[in-house]
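One structure is given below, encoded as structure tokens.
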Amino acid sequence: MSKDLVVILTALNLEYQAVRKKLAGPHVHRHERGTRFEVGTVQGTSCRVALGLTNKGNHSAAVIAERAIQEFSPAAVLFVGVAGALWDTAKLGDVVMATHVYAYHGGTSEDDGLKARPRVWEAAHGISQLGSHLARVNDWADETSGGRRAPQVRFGAIAAGEVVQNSKISAEARWIRQHYNDALAIEMEAAGVAQAGHLNGAPVAIIRGISDRADGTKSSEKDRNWQPRAAANAAAFATRLAVELVGEQEQIAMSQAGRAHAADTPEERVSNTAHNSTVGIMAGSVKESSVYMNVDPKVTSPADLVAELDGFREHLKRHHANGALDDDTYREALGELGFARRAARENTPESSKTATMALKRLRGLVAEFPELVATLAPLVVAAGDLS
């Protein structure tokens with residue numbers, strides 16, 4: 001699993017562009033079957049996002065979501081865009097994060113009417129908890145102007161069907177109110193994404209900005225005005241959620257690596273870095289050797305950091321040679337390592353930040369290997385300290 005990468009999918013170009021504006025340095029990543037994603041980082045962070053367009057409908061969304069999960073092995077999949085509100089609870093511009101998703105078109109037609117047979121997917125507990133936390137903190141929204149009401153985050157069911165719902169009085173609208181009256185919003189892709197996540201063991205979050213009320217006003221001037229705002233609000237919340245998800249994964253990986261490192265570390269060890277050995281010392285002084293006890297050698301200059309990064313490259317080579325690191329991960333890891341090394345040699349405050357972000361991305365790539373994470377952890381800190 002790529003602990004530093006989150007997949008974000010959208011159905012419409014309008015929604016895609018709203019997310020893309022949040023990314024720095026997006027570059028095209030082409031799937032072997034032709035599907036194009038753009039991979040970038042959320043601005044000002046080390047969180048990587050693979051952004052893709054599914055087009056409308058649950059079936060298309062399921063296929064592209066499956067493809068994205070297989071291609072990137074992400075920490076999570078977020079489906080982001082606009083939806084119609086079914087009740088007045090969610091105001092125009094608000095964001096709805098699904099607690100569960102109904103595929104409401106499942107049913108059986110009998111003499112006494114259509115009986116509902118829905119499929120239901122619940123949101124992953126960890127993502128739901130994190131989303132609720134961000135809603136309480138309430139610092140995710142972009143700045144509003146002109147006294148405009150700040151968007152709120154609502155939590156509840158989302159209904160996903162196969163038709164555009166644009167009436168409150170049609171037979172289908174009445175049927176939805178009868179069988180799915182706890183659904184806050186309605187759209188056409190969430191069920192497909194939820195199914196793909198379920199089959200692949202990938203956490204999924206559905207995040208929708210409310211652009212209309214599914215009441216016959218879709219495609220009106222009002223709807224056209226609200227769509228960009230609703231999409232922007234959904235993108236703002238989703239990218240903030242992605243950053244927090246990756247941050248949690250990094251903390252978990254660091255904690256696991258720390259425990260593994262502590263378990264493998266003898267108490268009161270004495271290491272001689274000149275000869276890579278454990279020695280006992282009885283002397284008034286030690287010359288031509290760096291001796292340290294119970295701590296890693298301190299990086300005090302860019303040259304020291306570059307040397308340590310060169311040493312880390314050897315660790316990567318060994319993991320690749322023994323088959324632990326696959327070819328793609330190894331190439332990406334070397335790329336991030338080279339990026340950090342070049343930035344460290346420049347020795348400026350900005351290059352220090354660049355080196356730190358590259359090393360954090362590298363840490364995400366090797367997060368499954370506690371030994372590598374433990375070795376890299378002090379180098380991430382050292383890169384920041386050189387600013």
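Identifiers for the structure tokens are assigned positionally: chains receive A, B, ... in sequence, residues are indexed from 1 per chain, and ligands are indexed from 1 in the order shown.
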
> Quick one: residues within 12 Å of A:Lys22, only C-alpha atoms counted, chain neighbours fewer than 5 positions away excluded, as an MDAnalysis selection string?
Replying inline: chainID A and resid 8 15:17 39:45 47:49 51 142 232:240 242:243

> When DSSP works through the backbone of this structure, what residues of stretch 28-275 of chain A end up as helix (DSSP H, G or I), shown as a ChimeraX atom specification?
Replying inline: /A:58-72,125-137,171-179,190-200,221-264

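Considering the residues A:Ser46, A:Ala65, A:Ser60, A:Leu305 and counting only C-alpha atoms, A:Thr354 has its shortest atom-to-atom contact with A:Ser46.
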
>> Show me, as a PyMOL selection string, the residues that have an atom within 12 Å of A:Glu32 when counting only C-alpha atoms, minus same-chain residues fewer than 4 positions from it.
In response: chain A and resi 36-37+67-68+70-71

Residues from last step as file, all heavy atoms, as an mmCIF file, in the first residue's frame:
```cif
data_model
loop_
_atom_site.group_PDB
_atom_site.id
_atom_site.type_symbol
_atom_site.label_atom_id
_atom_site.label_comp_id
_atom_site.auth_asym_id
_atom_site.auth_seq_id
_atom_site.Cartn_x
_atom_site.Cartn_y
_atom_site.Cartn_z
ATOM 1 N N ARG A 36 -5.990 7.781 -18.113
ATOM 2 C CA ARG A 36 -4.990 8.777 -17.699
ATOM 3 C C ARG A 36 -5.336 9.333 -16.324
ATOM 4 O O ARG A 36 -6.462 9.760 -16.075
ATOM 5 C CB ARG A 36 -4.902 9.918 -18.717
ATOM 6 C CG ARG A 36 -4.265 9.495 -20.019
ATOM 7 C CD ARG A 36 -4.227 10.622 -21.039
ATOM 8 N NE ARG A 36 -3.610 10.161 -22.269
ATOM 9 C CZ ARG A 36 -2.318 10.304 -22.547
ATOM 10 N NH1 ARG A 36 -1.518 10.910 -21.692
ATOM 11 N NH2 ARG A 36 -1.830 9.847 -23.692
ATOM 12 N N PHE A 37 -4.354 9.317 -15.467
ATOM 13 C CA PHE A 37 -4.440 9.958 -14.161
ATOM 14 C C PHE A 37 -3.413 11.087 -14.133
ATOM 15 O O PHE A 37 -2.469 11.109 -14.930
ATOM 16 C CB PHE A 37 -4.130 8.958 -13.040
ATOM 17 C CG PHE A 37 -5.055 7.776 -12.990
ATOM 18 C CD1 PHE A 37 -4.751 6.610 -13.685
ATOM 19 C CD2 PHE A 37 -6.228 7.833 -12.257
ATOM 20 C CE1 PHE A 37 -5.596 5.512 -13.642
ATOM 21 C CE2 PHE A 37 -7.088 6.740 -12.212
ATOM 22 C CZ PHE A 37 -6.770 5.583 -12.900
ATOM 23 N N ARG A 67 -9.472 0.131 -11.377
ATOM 24 C CA ARG A 67 -8.207 0.338 -12.093
ATOM 25 C C ARG A 67 -7.246 1.193 -11.261
ATOM 26 O O ARG A 67 -6.040 0.897 -11.191
ATOM 27 C CB ARG A 67 -8.513 0.998 -13.438
ATOM 28 C CG ARG A 67 -7.370 1.047 -14.402
ATOM 29 C CD ARG A 67 -7.886 1.314 -15.809
ATOM 30 N NE ARG A 67 -8.530 0.131 -16.375
ATOM 31 C CZ ARG A 67 -9.070 0.082 -17.586
ATOM 32 N NH1 ARG A 67 -9.050 1.171 -18.361
ATOM 33 N NH2 ARG A 67 -9.612 -1.020 -18.030
ATOM 34 N N ALA A 68 -7.761 2.235 -10.637
ATOM 35 C CA ALA A 68 -6.915 3.124 -9.828
ATOM 36 C C ALA A 68 -6.364 2.394 -8.611
ATOM 37 O O ALA A 68 -5.189 2.565 -8.248
ATOM 38 C CB ALA A 68 -7.717 4.348 -9.390
ATOM 39 N N GLN A 70 -5.816 -0.856 -8.256
ATOM 40 C CA GLN A 70 -4.809 -1.814 -8.687
ATOM 41 C C GLN A 70 -3.510 -1.121 -9.110
ATOM 42 O O GLN A 70 -2.412 -1.642 -8.890
ATOM 43 C CB GLN A 70 -5.354 -2.648 -9.860
ATOM 44 C CG GLN A 70 -6.506 -3.557 -9.496
ATOM 45 C CD GLN A 70 -6.095 -4.649 -8.525
ATOM 46 O OE1 GLN A 70 -4.979 -5.155 -8.583
ATOM 47 N NE2 GLN A 70 -6.987 -5.009 -7.620
ATOM 48 N N GLU A 71 -3.644 0.061 -9.704
ATOM 49 C CA GLU A 71 -2.461 0.776 -10.209
ATOM 50 C C GLU A 71 -1.649 1.423 -9.101
ATOM 51 O O GLU A 71 -0.416 1.409 -9.127
ATOM 52 C CB GLU A 71 -2.910 1.846 -11.218
ATOM 53 C CG GLU A 71 -1.773 2.569 -11.914
ATOM 54 C CD GLU A 71 -1.130 1.744 -13.020
ATOM 55 O OE1 GLU A 71 -1.556 0.589 -13.244
ATOM 56 O OE2 GLU A 71 -0.204 2.254 -13.662
#
```

Within 12 Å of stretch 125-134 of chain A, which residues of stretch 141-200 of chain A show up? Give each one with its shortest atom-to-atom distance in Å (one decimal) and the two atoms involved, counting only C-alpha atoms, rows by chain then rising residue number, as a Markdown table.
```
| residue | atom | partner | partner_atom | distance |
| --- | --- | --- | --- | --- |
| A:Ala141 | CA | A:Leu134 | CA | 10.3 |
| A:Gln152 | CA | A:Leu134 | CA | 10.9 |
| A:Val153 | CA | A:Ser132 | CA | 8.5 |
| A:Arg154 | CA | A:Ser132 | CA | 9.0 |
| A:Phe155 | CA | A:Ser132 | CA | 8.1 |
| A:Gly156 | CA | A:Ser128 | CA | 10.6 |
```

Go ahead and dump the residues you just picked, N, CA and C atoms, as a PDB file, in the first residue's frame.
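Listing of out-v2.pdb after writing:
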```
ATOM      1  N   ALA A 141     -12.318  24.986   4.962  1.00  0.00           N
ATOM      2  CA  ALA A 141     -12.933  25.688   3.829  1.00  0.00           C
ATOM      3  C   ALA A 141     -12.051  26.818   3.332  1.00  0.00           C
ATOM      4  N   GLN A 152     -20.966  24.025   5.551  1.00  0.00           N
ATOM      5  CA  GLN A 152     -20.919  23.093   6.666  1.00  0.00           C
ATOM      6  C   GLN A 152     -20.773  21.670   6.124  1.00  0.00           C
ATOM      7  N   VAL A 153     -20.259  20.778   6.954  1.00  0.00           N
ATOM      8  CA  VAL A 153     -20.144  19.371   6.581  1.00  0.00           C
ATOM      9  C   VAL A 153     -21.275  18.602   7.245  1.00  0.00           C
ATOM     10  N   ARG A 154     -22.007  17.850   6.439  1.00  0.00           N
ATOM     11  CA  ARG A 154     -23.103  17.024   6.942  1.00  0.00           C
ATOM     12  C   ARG A 154     -22.727  15.554   6.742  1.00  0.00           C
ATOM     13  N   PHE A 155     -23.202  14.720   7.644  1.00  0.00           N
ATOM     14  CA  PHE A 155     -22.910  13.287   7.568  1.00  0.00           C
ATOM     15  C   PHE A 155     -24.212  12.511   7.490  1.00  0.00           C
ATOM     16  N   GLY A 156     -24.306  11.605   6.532  1.00  0.00           N
ATOM     17  CA  GLY A 156     -25.515  10.811   6.371  1.00  0.00           C
ATOM     18  C   GLY A 156     -25.431   9.952   5.138  1.00  0.00           C
TER      19      GLY A 156
END
```

>> Give me the residues near A:His59 as number ranges by chain, where near means some atom within 12 Å (using only C-alpha atoms) and where sequence neighbours in that chain fewer than 2 positions away do not count.
In response: A: 11, 54-57, 61-66, 103, 160-162, 188-196

Generate a file of the selected residues that holds N, CA and C atoms, formatted as an mmCIF file, in the first residue's frame.
```
data_model
loop_
_atom_site.group_PDB
_atom_site.id
_atom_site.type_symbol
_atom_site.label_atom_id
_atom_site.label_comp_id
_atom_site.auth_asym_id
_atom_site.auth_seq_id
_atom_site.Cartn_x
_atom_site.Cartn_y
_atom_site.Cartn_z
ATOM 1 N N ALA A 11 -16.472 12.623 -11.470
ATOM 2 C CA ALA A 11 -17.249 12.221 -12.643
ATOM 3 C C ALA A 11 -17.267 13.286 -13.730
ATOM 4 N N THR A 54 -13.885 9.582 -14.016
ATOM 5 C CA THR A 54 -14.627 8.348 -14.289
ATOM 6 C C THR A 54 -15.704 8.516 -15.344
ATOM 7 N N ASN A 55 -16.191 9.731 -15.538
ATOM 8 C CA ASN A 55 -17.412 10.025 -16.299
ATOM 9 C C ASN A 55 -18.633 9.551 -15.500
ATOM 10 N N LYS A 56 -19.826 9.823 -16.024
ATOM 11 C CA LYS A 56 -21.047 9.605 -15.262
ATOM 12 C C LYS A 56 -21.403 8.119 -15.146
ATOM 13 N N GLY A 57 -22.043 7.762 -14.027
ATOM 14 C CA GLY A 57 -22.607 6.429 -13.870
ATOM 15 C C GLY A 57 -21.816 5.530 -12.948
ATOM 16 N N ALA A 61 -17.754 4.368 -12.995
ATOM 17 C CA ALA A 61 -17.021 4.717 -11.778
ATOM 18 C C ALA A 61 -16.390 3.485 -11.148
ATOM 19 N N ALA A 62 -17.107 2.358 -11.153
ATOM 20 C CA ALA A 62 -16.577 1.129 -10.564
ATOM 21 C C ALA A 62 -15.335 0.653 -11.311
ATOM 22 N N VAL A 63 -15.378 0.695 -12.642
ATOM 23 C CA VAL A 63 -14.252 0.224 -13.449
ATOM 24 C C VAL A 63 -13.018 1.086 -13.213
ATOM 25 N N ILE A 64 -13.183 2.403 -13.253
ATOM 26 C CA ILE A 64 -12.031 3.296 -13.084
ATOM 27 C C ILE A 64 -11.504 3.224 -11.652
ATOM 28 N N ALA A 65 -12.398 3.095 -10.686
ATOM 29 C CA ALA A 65 -11.954 2.966 -9.292
ATOM 30 C C ALA A 65 -11.139 1.688 -9.106
ATOM 31 N N GLU A 66 -11.626 0.595 -9.669
ATOM 32 C CA GLU A 66 -10.884 -0.674 -9.606
ATOM 33 C C GLU A 66 -9.505 -0.516 -10.236
ATOM 34 N N ALA A 103 -27.280 1.674 -3.097
ATOM 35 C CA ALA A 103 -27.533 1.457 -4.518
ATOM 36 C C ALA A 103 -29.037 1.228 -4.634
ATOM 37 N N ALA A 160 -27.317 6.389 -4.527
ATOM 38 C CA ALA A 160 -26.686 6.367 -5.840
ATOM 39 C C ALA A 160 -27.515 5.508 -6.789
ATOM 40 N N GLY A 161 -27.993 6.121 -7.871
ATOM 41 C CA GLY A 161 -28.833 5.403 -8.835
ATOM 42 C C GLY A 161 -28.271 5.460 -10.230
ATOM 43 N N GLU A 162 -29.129 5.197 -11.200
ATOM 44 C CA GLU A 162 -28.691 5.130 -12.593
ATOM 45 C C GLU A 162 -29.348 6.197 -13.463
ATOM 46 N N MET A 188 -24.953 9.568 -8.863
ATOM 47 C CA MET A 188 -24.964 8.441 -9.802
ATOM 48 C C MET A 188 -23.670 7.638 -9.842
ATOM 49 N N GLU A 189 -22.749 7.821 -8.896
ATOM 50 C CA GLU A 189 -21.465 7.119 -8.987
ATOM 51 C C GLU A 189 -21.009 6.437 -7.693
ATOM 52 N N ALA A 190 -21.522 6.856 -6.548
ATOM 53 C CA ALA A 190 -20.970 6.404 -5.265
ATOM 54 C C ALA A 190 -21.050 4.895 -5.086
ATOM 55 N N ALA A 191 -22.121 4.264 -5.568
ATOM 56 C CA ALA A 191 -22.266 2.825 -5.383
ATOM 57 C C ALA A 191 -21.168 2.055 -6.124
ATOM 58 N N GLY A 192 -20.828 2.500 -7.323
ATOM 59 C CA GLY A 192 -19.771 1.834 -8.080
ATOM 60 C C GLY A 192 -18.424 1.936 -7.396
ATOM 61 N N VAL A 193 -18.093 3.118 -6.901
ATOM 62 C CA VAL A 193 -16.818 3.306 -6.207
ATOM 63 C C VAL A 193 -16.791 2.509 -4.911
ATOM 64 N N ALA A 194 -17.899 2.526 -4.168
ATOM 65 C CA ALA A 194 -17.960 1.783 -2.918
ATOM 66 C C ALA A 194 -17.776 0.289 -3.141
ATOM 67 N N GLN A 195 -18.383 -0.243 -4.214
ATOM 68 C CA GLN A 195 -18.238 -1.662 -4.527
ATOM 69 C C GLN A 195 -16.795 -2.002 -4.885
ATOM 70 N N ALA A 196 -16.149 -1.160 -5.673
ATOM 71 C CA ALA A 196 -14.754 -1.396 -6.045
ATOM 72 C C ALA A 196 -13.858 -1.383 -4.813
#
```

> Excluding same-chain residues fewer than 2 positions from A:Asp94, what lies within 6 Å of it counting only C-alpha atoms, as a ChimeraX atom specification?
Replying inline: /A:91-92,151-152,209-210

Write the selection just made, keeping all heavy atoms, as a PDB file, in the first residue's frame?
```
ATOM      1  N   LYS A  91     -27.709  22.524   3.002  1.00  0.00           N
ATOM      2  CA  LYS A  91     -27.940  23.746   2.232  1.00  0.00           C
ATOM      3  C   LYS A  91     -27.071  23.739   0.973  1.00  0.00           C
ATOM      4  O   LYS A  91     -26.094  23.001   0.867  1.00  0.00           O
ATOM      5  CB  LYS A  91     -27.619  24.976   3.079  1.00  0.00           C
ATOM      6  CG  LYS A  91     -28.289  24.993   4.449  1.00  0.00           C
ATOM      7  CD  LYS A  91     -29.798  24.993   4.355  1.00  0.00           C
ATOM      8  CE  LYS A  91     -30.444  25.075   5.731  1.00  0.00           C
ATOM      9  NZ  LYS A  91     -31.918  24.962   5.665  1.00  0.00           N
ATOM     10  N   LEU A  92     -27.437  24.578   0.028  1.00  0.00           N
ATOM     11  CA  LEU A  92     -26.618  24.724  -1.163  1.00  0.00           C
ATOM     12  C   LEU A  92     -25.211  25.159  -0.763  1.00  0.00           C
ATOM     13  O   LEU A  92     -25.029  26.092   0.017  1.00  0.00           O
ATOM     14  CB  LEU A  92     -27.237  25.741  -2.116  1.00  0.00           C
ATOM     15  CG  LEU A  92     -28.578  25.358  -2.752  1.00  0.00           C
ATOM     16  CD1 LEU A  92     -29.078  26.483  -3.647  1.00  0.00           C
ATOM     17  CD2 LEU A  92     -28.458  24.064  -3.546  1.00  0.00           C
ATOM     18  N   PRO A 151     -19.608  27.110   4.271  1.00  0.00           N
ATOM     19  CA  PRO A 151     -20.190  25.777   4.087  1.00  0.00           C
ATOM     20  C   PRO A 151     -20.020  24.924   5.334  1.00  0.00           C
ATOM     21  O   PRO A 151     -19.039  25.041   6.061  1.00  0.00           O
ATOM     22  CB  PRO A 151     -19.393  25.208   2.905  1.00  0.00           C
ATOM     23  CG  PRO A 151     -18.083  25.935   2.956  1.00  0.00           C
ATOM     24  CD  PRO A 151     -18.402  27.314   3.443  1.00  0.00           C
ATOM     25  N   GLN A 152     -20.966  24.025   5.551  1.00  0.00           N
ATOM     26  CA  GLN A 152     -20.919  23.093   6.666  1.00  0.00           C
ATOM     27  C   GLN A 152     -20.773  21.670   6.124  1.00  0.00           C
ATOM     28  O   GLN A 152     -21.131  21.388   4.977  1.00  0.00           O
ATOM     29  CB  GLN A 152     -22.193  23.184   7.497  1.00  0.00           C
ATOM     30  CG  GLN A 152     -22.463  24.573   8.067  1.00  0.00           C
ATOM     31  CD  GLN A 152     -21.381  25.024   9.024  1.00  0.00           C
ATOM     32  OE1 GLN A 152     -21.062  24.312   9.976  1.00  0.00           O
ATOM     33  NE2 GLN A 152     -20.817  26.197   8.777  1.00  0.00           N
ATOM     34  N   GLY A 209     -20.454  18.040  -2.731  1.00  0.00           N
ATOM     35  CA  GLY A 209     -20.947  19.389  -2.492  1.00  0.00           C
ATOM     36  C   GLY A 209     -22.353  19.525  -3.047  1.00  0.00           C
ATOM     37  O   GLY A 209     -22.652  19.037  -4.143  1.00  0.00           O
ATOM     38  N   ILE A 210     -23.241  20.166  -2.313  1.00  0.00           N
ATOM     39  CA  ILE A 210     -24.640  20.288  -2.724  1.00  0.00           C
ATOM     40  C   ILE A 210     -24.776  21.454  -3.697  1.00  0.00           C
ATOM     41  O   ILE A 210     -24.547  22.613  -3.349  1.00  0.00           O
ATOM     42  CB  ILE A 210     -25.561  20.499  -1.504  1.00  0.00           C
ATOM     43  CG1 ILE A 210     -25.460  19.297  -0.568  1.00  0.00           C
ATOM     44  CG2 ILE A 210     -26.997  20.719  -1.941  1.00  0.00           C
ATOM     45  CD1 ILE A 210     -25.853  17.976  -1.204  1.00  0.00           C
TER      46      ILE A 210
END
```

>> Can you pull out the residues contacting A:Gly113? Cut-off 12 Å, using only C-alpha atoms, and skip same-chain residues under 4 positions away; I want them as a VMD selection string.
In response: chain A and resid 107 to 109 171 175

> Using only C-alpha atoms, which of A:Ala324, A:Ala116, A:Ile158, A:Ala76 sits nearest A:Gly197?
Replying inline: A:Ala76

> In Å, with one decimal, what is the gap from atom CA of A:Leu359 to atom CA of A:Asn200?
Replying inline: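 Result for atom CA of A:Leu359 versus atom CA of A:Asn200: 28.7 Å, one decimal.
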
>> Would you pick out the contacts of A:Leu325 at 12 Å or less, using only C-alpha atoms, so that residues sharing its chain but fewer than 3 positions from it are not included, and give the list as a list of chain:residue names?
In response: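 Those residues are A:His315, A:Leu316, A:Lys317, A:Arg318, A:His319, A:His320, A:Ala321, A:Asn322, A:Asp328, A:Thr329, A:Tyr330, A:Arg331, A:Glu332, A:Ala333, A:Leu334, A:Leu365, A:Val366, A:Ala367, A:Glu368, A:Phe369, A:Leu372.
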
Store the residues picked out above, limited to N, CA, C and O atoms, as an mmCIF file, in the first residue's frame.
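So result_15.cif came out as:
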```
data_model
loop_
_atom_site.group_PDB
_atom_site.id
_atom_site.type_symbol
_atom_site.label_atom_id
_atom_site.label_comp_id
_atom_site.auth_asym_id
_atom_site.auth_seq_id
_atom_site.Cartn_x
_atom_site.Cartn_y
_atom_site.Cartn_z
ATOM 1 N N HIS A 315 21.123 0.903 1.195
ATOM 2 C CA HIS A 315 20.043 0.134 1.822
ATOM 3 C C HIS A 315 18.961 -0.197 0.790
ATOM 4 O O HIS A 315 18.439 -1.324 0.747
ATOM 5 N N LEU A 316 18.599 0.812 -0.021
ATOM 6 C CA LEU A 316 17.590 0.581 -1.056
ATOM 7 C C LEU A 316 18.047 -0.479 -2.049
ATOM 8 O O LEU A 316 17.265 -1.349 -2.451
ATOM 9 N N LYS A 317 19.307 -0.411 -2.442
ATOM 10 C CA LYS A 317 19.834 -1.377 -3.405
ATOM 11 C C LYS A 317 19.732 -2.793 -2.862
ATOM 12 O O LYS A 317 19.369 -3.737 -3.589
ATOM 13 N N ARG A 318 20.057 -2.959 -1.579
ATOM 14 C CA ARG A 318 20.012 -4.298 -0.991
ATOM 15 C C ARG A 318 18.575 -4.822 -0.953
ATOM 16 O O ARG A 318 18.315 -5.991 -1.251
ATOM 17 N N HIS A 319 17.631 -3.944 -0.576
ATOM 18 C CA HIS A 319 16.227 -4.371 -0.533
ATOM 19 C C HIS A 319 15.705 -4.715 -1.925
ATOM 20 O O HIS A 319 14.875 -5.617 -2.083
ATOM 21 N N HIS A 320 16.187 -3.987 -2.922
ATOM 22 C CA HIS A 320 15.768 -4.282 -4.292
ATOM 23 C C HIS A 320 16.402 -5.576 -4.774
ATOM 24 O O HIS A 320 15.749 -6.408 -5.425
ATOM 25 N N ALA A 321 17.660 -5.775 -4.443
ATOM 26 C CA ALA A 321 18.374 -6.963 -4.902
ATOM 27 C C ALA A 321 17.780 -8.248 -4.328
ATOM 28 O O ALA A 321 17.735 -9.280 -5.020
ATOM 29 N N ASN A 322 17.299 -8.172 -3.088
ATOM 30 C CA ASN A 322 16.738 -9.387 -2.489
ATOM 31 C C ASN A 322 15.236 -9.553 -2.774
ATOM 32 O O ASN A 322 14.596 -10.455 -2.234
ATOM 33 N N ASP A 328 9.213 -0.826 -9.734
ATOM 34 C CA ASP A 328 8.579 0.492 -9.806
ATOM 35 C C ASP A 328 8.835 1.291 -8.532
ATOM 36 O O ASP A 328 9.176 2.481 -8.591
ATOM 37 N N THR A 329 8.657 0.650 -7.379
ATOM 38 C CA THR A 329 8.887 1.351 -6.116
ATOM 39 C C THR A 329 10.344 1.755 -5.984
ATOM 40 O O THR A 329 10.666 2.856 -5.520
ATOM 41 N N TYR A 330 11.242 0.872 -6.413
ATOM 42 C CA TYR A 330 12.673 1.165 -6.336
ATOM 43 C C TYR A 330 13.028 2.383 -7.189
ATOM 44 O O TYR A 330 13.760 3.277 -6.741
ATOM 45 N N ARG A 331 12.483 2.441 -8.413
ATOM 46 C CA ARG A 331 12.766 3.595 -9.278
ATOM 47 C C ARG A 331 12.228 4.885 -8.670
ATOM 48 O O ARG A 331 12.915 5.924 -8.672
ATOM 49 N N GLU A 332 10.989 4.834 -8.147
ATOM 50 C CA GLU A 332 10.423 6.037 -7.534
ATOM 51 C C GLU A 332 11.229 6.450 -6.308
ATOM 52 O O GLU A 332 11.457 7.633 -6.070
ATOM 53 N N ALA A 333 11.660 5.470 -5.520
ATOM 54 C CA ALA A 333 12.438 5.771 -4.316
ATOM 55 C C ALA A 333 13.765 6.425 -4.681
ATOM 56 O O ALA A 333 14.190 7.408 -4.041
ATOM 57 N N LEU A 334 14.445 5.896 -5.699
ATOM 58 C CA LEU A 334 15.713 6.508 -6.132
ATOM 59 C C LEU A 334 15.487 7.922 -6.645
ATOM 60 O O LEU A 334 16.323 8.816 -6.423
ATOM 61 N N LEU A 365 6.962 5.681 0.419
ATOM 62 C CA LEU A 365 7.211 4.587 -0.528
ATOM 63 C C LEU A 365 7.754 3.345 0.159
ATOM 64 O O LEU A 365 7.490 2.219 -0.273
ATOM 65 N N VAL A 366 8.527 3.542 1.235
ATOM 66 C CA VAL A 366 9.163 2.391 1.903
ATOM 67 C C VAL A 366 8.514 2.101 3.247
ATOM 68 O O VAL A 366 9.105 1.436 4.095
ATOM 69 N N ALA A 367 7.286 2.591 3.434
ATOM 70 C CA ALA A 367 6.634 2.486 4.741
ATOM 71 C C ALA A 367 6.438 1.053 5.202
ATOM 72 O O ALA A 367 6.276 0.797 6.397
ATOM 73 N N GLU A 368 6.420 0.093 4.273
ATOM 74 C CA GLU A 368 6.217 -1.303 4.649
ATOM 75 C C GLU A 368 7.478 -1.958 5.198
ATOM 76 O O GLU A 368 7.439 -3.126 5.617
ATOM 77 N N PHE A 369 8.594 -1.205 5.227
ATOM 78 C CA PHE A 369 9.864 -1.782 5.670
ATOM 79 C C PHE A 369 10.369 -1.012 6.892
ATOM 80 O O PHE A 369 11.000 0.052 6.758
ATOM 81 N N LEU A 372 13.982 0.393 6.958
ATOM 82 C CA LEU A 372 14.234 1.560 6.114
ATOM 83 C C LEU A 372 13.610 2.819 6.719
ATOM 84 O O LEU A 372 14.226 3.898 6.709
#
```

>> When you count only C-alpha atoms, which of these residues is closest to A:Asn347: A:Phe312, A:Asp88, A:Ala307, A:Pro302?
In response: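 When distances to A:Asn347 are compared using only C-alpha atoms, the smallest one comes from A:Pro302.
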
> With distances taken over only C-alpha atoms, which of A:Leu5, A:Ala383, A:Ala150, A:Leu199 is nearest to A:Glu248?
Replying inline: A:Leu5

> Pick from A:Ser211, A:His100, A:Ala205, A:Gly84: nearest to A:Ile186, with only C-alpha atoms counted?
Replying inline: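 Using only C-alpha atoms, A:Ile186 sits closest to A:Gly84.
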